[in-house]
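Heads up: the structure comes next, in structure tokens.
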Amino acid sequence: MAHSLVLIAGETSGDMHGALLAQRLRERMPHISLAGIGGERMRAAGVETFADFSSMAVVGFWEIIKHLRNYKKFFDQTLAYIAKQRPQAVVLIDFPGFNLRLAQRIRRDFPAIKIIYYISPQVWAWGAGRIALIKNVVDRMLVVFAFEEELYRRHGVPAVFVGHPLHEHLREAEETAAPLALAFSDGHPRIALLPGSREMEICRLLPVMLAAAQRLRATHPTLRFLLFKAPPVEQALLAAHLRRHGDLPLTIIDKHHYQYLKQCRFAWVCSGTATLETALVGTPLLIVYRTSFLTWFISRLLIKIPYIGLANIVAGEKIADEFVQFSATASNIARATENFLTSPSAEHIRAKLTGMRAKLGEKKASECAAEEILAVLKHTVP
């Protein structure tokens, strides 16, 4: 009987990491059966998805409450699939609000199925009490920051540092890129706009970014703007916002993201995985985020670290300004960008970004993760 895995990813970054993991698993075990929840990247990598993550990709306490019915549908659908197929193991990729609850039910209802978690919940930022839950329900935790391995092992959780998959994605992009074909020849400085991959994020952040762009154009008429479109974002959604700012010299980028991002002078980035991606590319950035008032208020009470941006968290210092909730305004974004464009600090900031990238190490995360998963499978009777 072929080995069988179910992979669960709930958002764009998880789909990207899950796809690369699926490729590495198939390279090592061509006949492995891979199914789960994912998006177009995981399907292209040979994962048979029984549900698409796109309608699950929300963030925040109030936003999740509003989508509880949808979440329950996916939850029940996933449990029904697992009950019918009885895979040897389930690989949970990030997405802790859904995946930790799923792990509890799998452990209770199907104790023989191994549970592997790839990309840990951020227990070091908030919710440290979840470590006890993880210890009870997860057979192997595959972490992407070196300090997480020590944290989990201190609490008796079998954890392995596999490296960060973004580092791997970036290295692959650099190896396969044709930078001259993508280079801009007009000499204009460019600002990157990365407003997120969820509709909620686009609606809250893109109007602010576009307003900031208009402010900057008044003092820097040579500036050009690149709007980075994440795969699940509908073109029509972006177009609706852009119609209100039709005079901006703006280009939508929907492929070769890393290569174009590297050519930008500065970037405005929605808090999340994209902040780390931008920092790894070496482009100076600021971080911006808005959410519902309830989510923001609860987060203020729960989060125990000084920064929200992964770039700052990994660096251990503020290498990117953060504008969150009420401070996420067009005037603040424009002012911070103006300060950067007119100061001599660009090379100093790029040096800090290079140092942050070194902290992630040189491991190829998906390869290490695949080896760990196959090690678990080999000790499980198919």
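FYI, nothing fancy with the structure tokens labels: chains A, B, ... in order, residues from 1 per chain, ligands from 1 as they appear.
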Strand (DSSP E) positions in region 71-262 of chain A, given as a short mmCIF file (atom, residue, chain, number, x, y, z; two decimals) with C-alpha atoms, in the first residue's frame:
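Listing of part.cif after writing:
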```
data_model
loop_
_atom_site.label_atom_id
_atom_site.label_comp_id
_atom_site.auth_asym_id
_atom_site.auth_seq_id
_atom_site.Cartn_x
_atom_site.Cartn_y
_atom_site.Cartn_z
CA ALA A 89 -0.31 11.20 8.80
CA VAL A 90 -1.71 14.72 8.58
CA VAL A 91 0.63 17.64 7.95
CA LEU A 92 -0.73 20.91 9.33
CA ILE A 93 0.81 23.99 7.69
CA LYS A 114 0.35 10.83 13.10
CA ILE A 115 0.10 14.62 13.34
CA ILE A 116 2.99 16.72 12.03
CA TYR A 117 2.94 20.51 12.28
CA TYR A 118 4.98 22.49 9.74
CA ARG A 140 6.46 16.21 15.40
CA MET A 141 6.76 20.01 15.27
CA LEU A 142 8.80 21.34 12.32
CA VAL A 143 9.81 24.90 13.16
CA ALA A 159 10.59 19.84 17.62
CA VAL A 160 13.08 20.11 14.76
CA PHE A 161 14.40 23.31 13.18
CA ARG A 190 9.96 52.78 -7.68
CA ILE A 191 7.88 52.14 -4.58
CA ALA A 192 6.36 48.68 -4.04
CA LEU A 193 2.82 48.33 -2.69
CA LEU A 194 2.03 44.97 -1.05
CA ARG A 224 6.68 55.16 -10.06
CA PHE A 225 4.66 52.54 -8.18
CA LEU A 226 4.36 48.78 -8.47
CA LEU A 227 1.28 47.10 -7.01
CA PHE A 228 2.00 43.46 -6.20
CA LEU A 250 1.29 52.44 -11.37
CA THR A 251 1.92 48.95 -12.75
CA ILE A 252 0.33 45.76 -11.42
CA ILE A 253 2.84 42.94 -10.89
#
```
Would you list the contacts of Ala230 (chain A) as JSON, numbers by chain, taking every protein, DNA or RNA residue within 8 Å and counting only C-alpha atoms, but skipping same-chain residues closer than 6 positions in sequence? {"A": [12, 196, 197, 254]}
I want to know what sits within 12 Å of Gly163 (chain A), based on only C-alpha atoms, with residues of the same chain fewer than 6 positions away left out; could you give that as a PyMOL selection string? chain A and resi 118-120+142-149+169+357-369
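Taking only C-alpha atoms into account, Glu317 (chain A) lies nearest to A:Leu353 out of the set A:Gly272, A:Leu353, A:Ala346, A:Ala45.
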Quick one: DSSP alpha helix (DSSP H) residues in region 175-279 of chain A, as a ChimeraX atom specification? /A:175-176,179-182,199-219,235-242,257-262,273-279
List as a list of chain:residue names the protein and nucleic acid residues near Val137 (chain A), meaning an atom at most 8 Å away when only C-alpha atoms are counted, but skip any in the same chain fewer than 2 places from it. A:Ala103, A:Gln104, A:Arg107, A:Ile115, A:Leu133, A:Ile134, A:Lys135, A:Asp139
Residues at most 6 Å from region 24-34 of chain A, counting only C-alpha atoms, excluding those fewer than 4 positions away in the same chain, as an MDAnalysis selection string? chainID A and resid 2:6 47 367 370
Could you give me, as a PDB file with N, CA and C atoms, in the first residue's frame, the residues within 12 Å of Arg244 (chain A), counting only C-alpha atoms and dropping anything in the same chain fewer than 5 positions from it?
```
ATOM      1  N   LEU A 206      -5.224  49.126   0.772  1.00  0.00           N
ATOM      2  CA  LEU A 206      -4.881  49.674  -0.544  1.00  0.00           C
ATOM      3  C   LEU A 206      -5.315  51.130  -0.695  1.00  0.00           C
ATOM      4  N   PRO A 207      -6.522  51.544  -0.275  1.00  0.00           N
ATOM      5  CA  PRO A 207      -6.878  52.966  -0.400  1.00  0.00           C
ATOM      6  C   PRO A 207      -5.896  53.886   0.338  1.00  0.00           C
ATOM      7  N   VAL A 208      -5.431  53.443   1.509  1.00  0.00           N
ATOM      8  CA  VAL A 208      -4.471  54.244   2.275  1.00  0.00           C
ATOM      9  C   VAL A 208      -3.148  54.345   1.519  1.00  0.00           C
ATOM     10  N   LEU A 210      -2.654  54.032  -1.727  1.00  0.00           N
ATOM     11  CA  LEU A 210      -2.807  54.843  -2.936  1.00  0.00           C
ATOM     12  C   LEU A 210      -2.868  56.325  -2.594  1.00  0.00           C
ATOM     13  N   ALA A 211      -3.509  56.654  -1.479  1.00  0.00           N
ATOM     14  CA  ALA A 211      -3.548  58.054  -1.041  1.00  0.00           C
ATOM     15  C   ALA A 211      -2.149  58.537  -0.669  1.00  0.00           C
ATOM     16  N   GLN A 214      -0.232  59.312  -3.827  1.00  0.00           N
ATOM     17  CA  GLN A 214      -0.585  60.613  -4.401  1.00  0.00           C
ATOM     18  C   GLN A 214       0.110  61.758  -3.667  1.00  0.00           C
ATOM     19  N   LEU A 238      -8.789  44.983  -7.341  1.00  0.00           N
ATOM     20  CA  LEU A 238      -7.758  46.010  -7.458  1.00  0.00           C
ATOM     21  C   LEU A 238      -8.224  47.133  -8.386  1.00  0.00           C
ATOM     22  N   ALA A 239      -8.848  46.748  -9.479  1.00  0.00           N
ATOM     23  CA  ALA A 239      -9.287  47.747 -10.460  1.00  0.00           C
ATOM     24  C   ALA A 239     -10.283  48.727  -9.853  1.00  0.00           C
TER      25      ALA A 239
END
```
CA of Ala212 (chain A) to CA of Gly246 (chain A), straight-line distance in Å: 14.0 Å
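CA of Arg105 (chain A) is positioned 13.1 Å from CA of Tyr81 (chain A).
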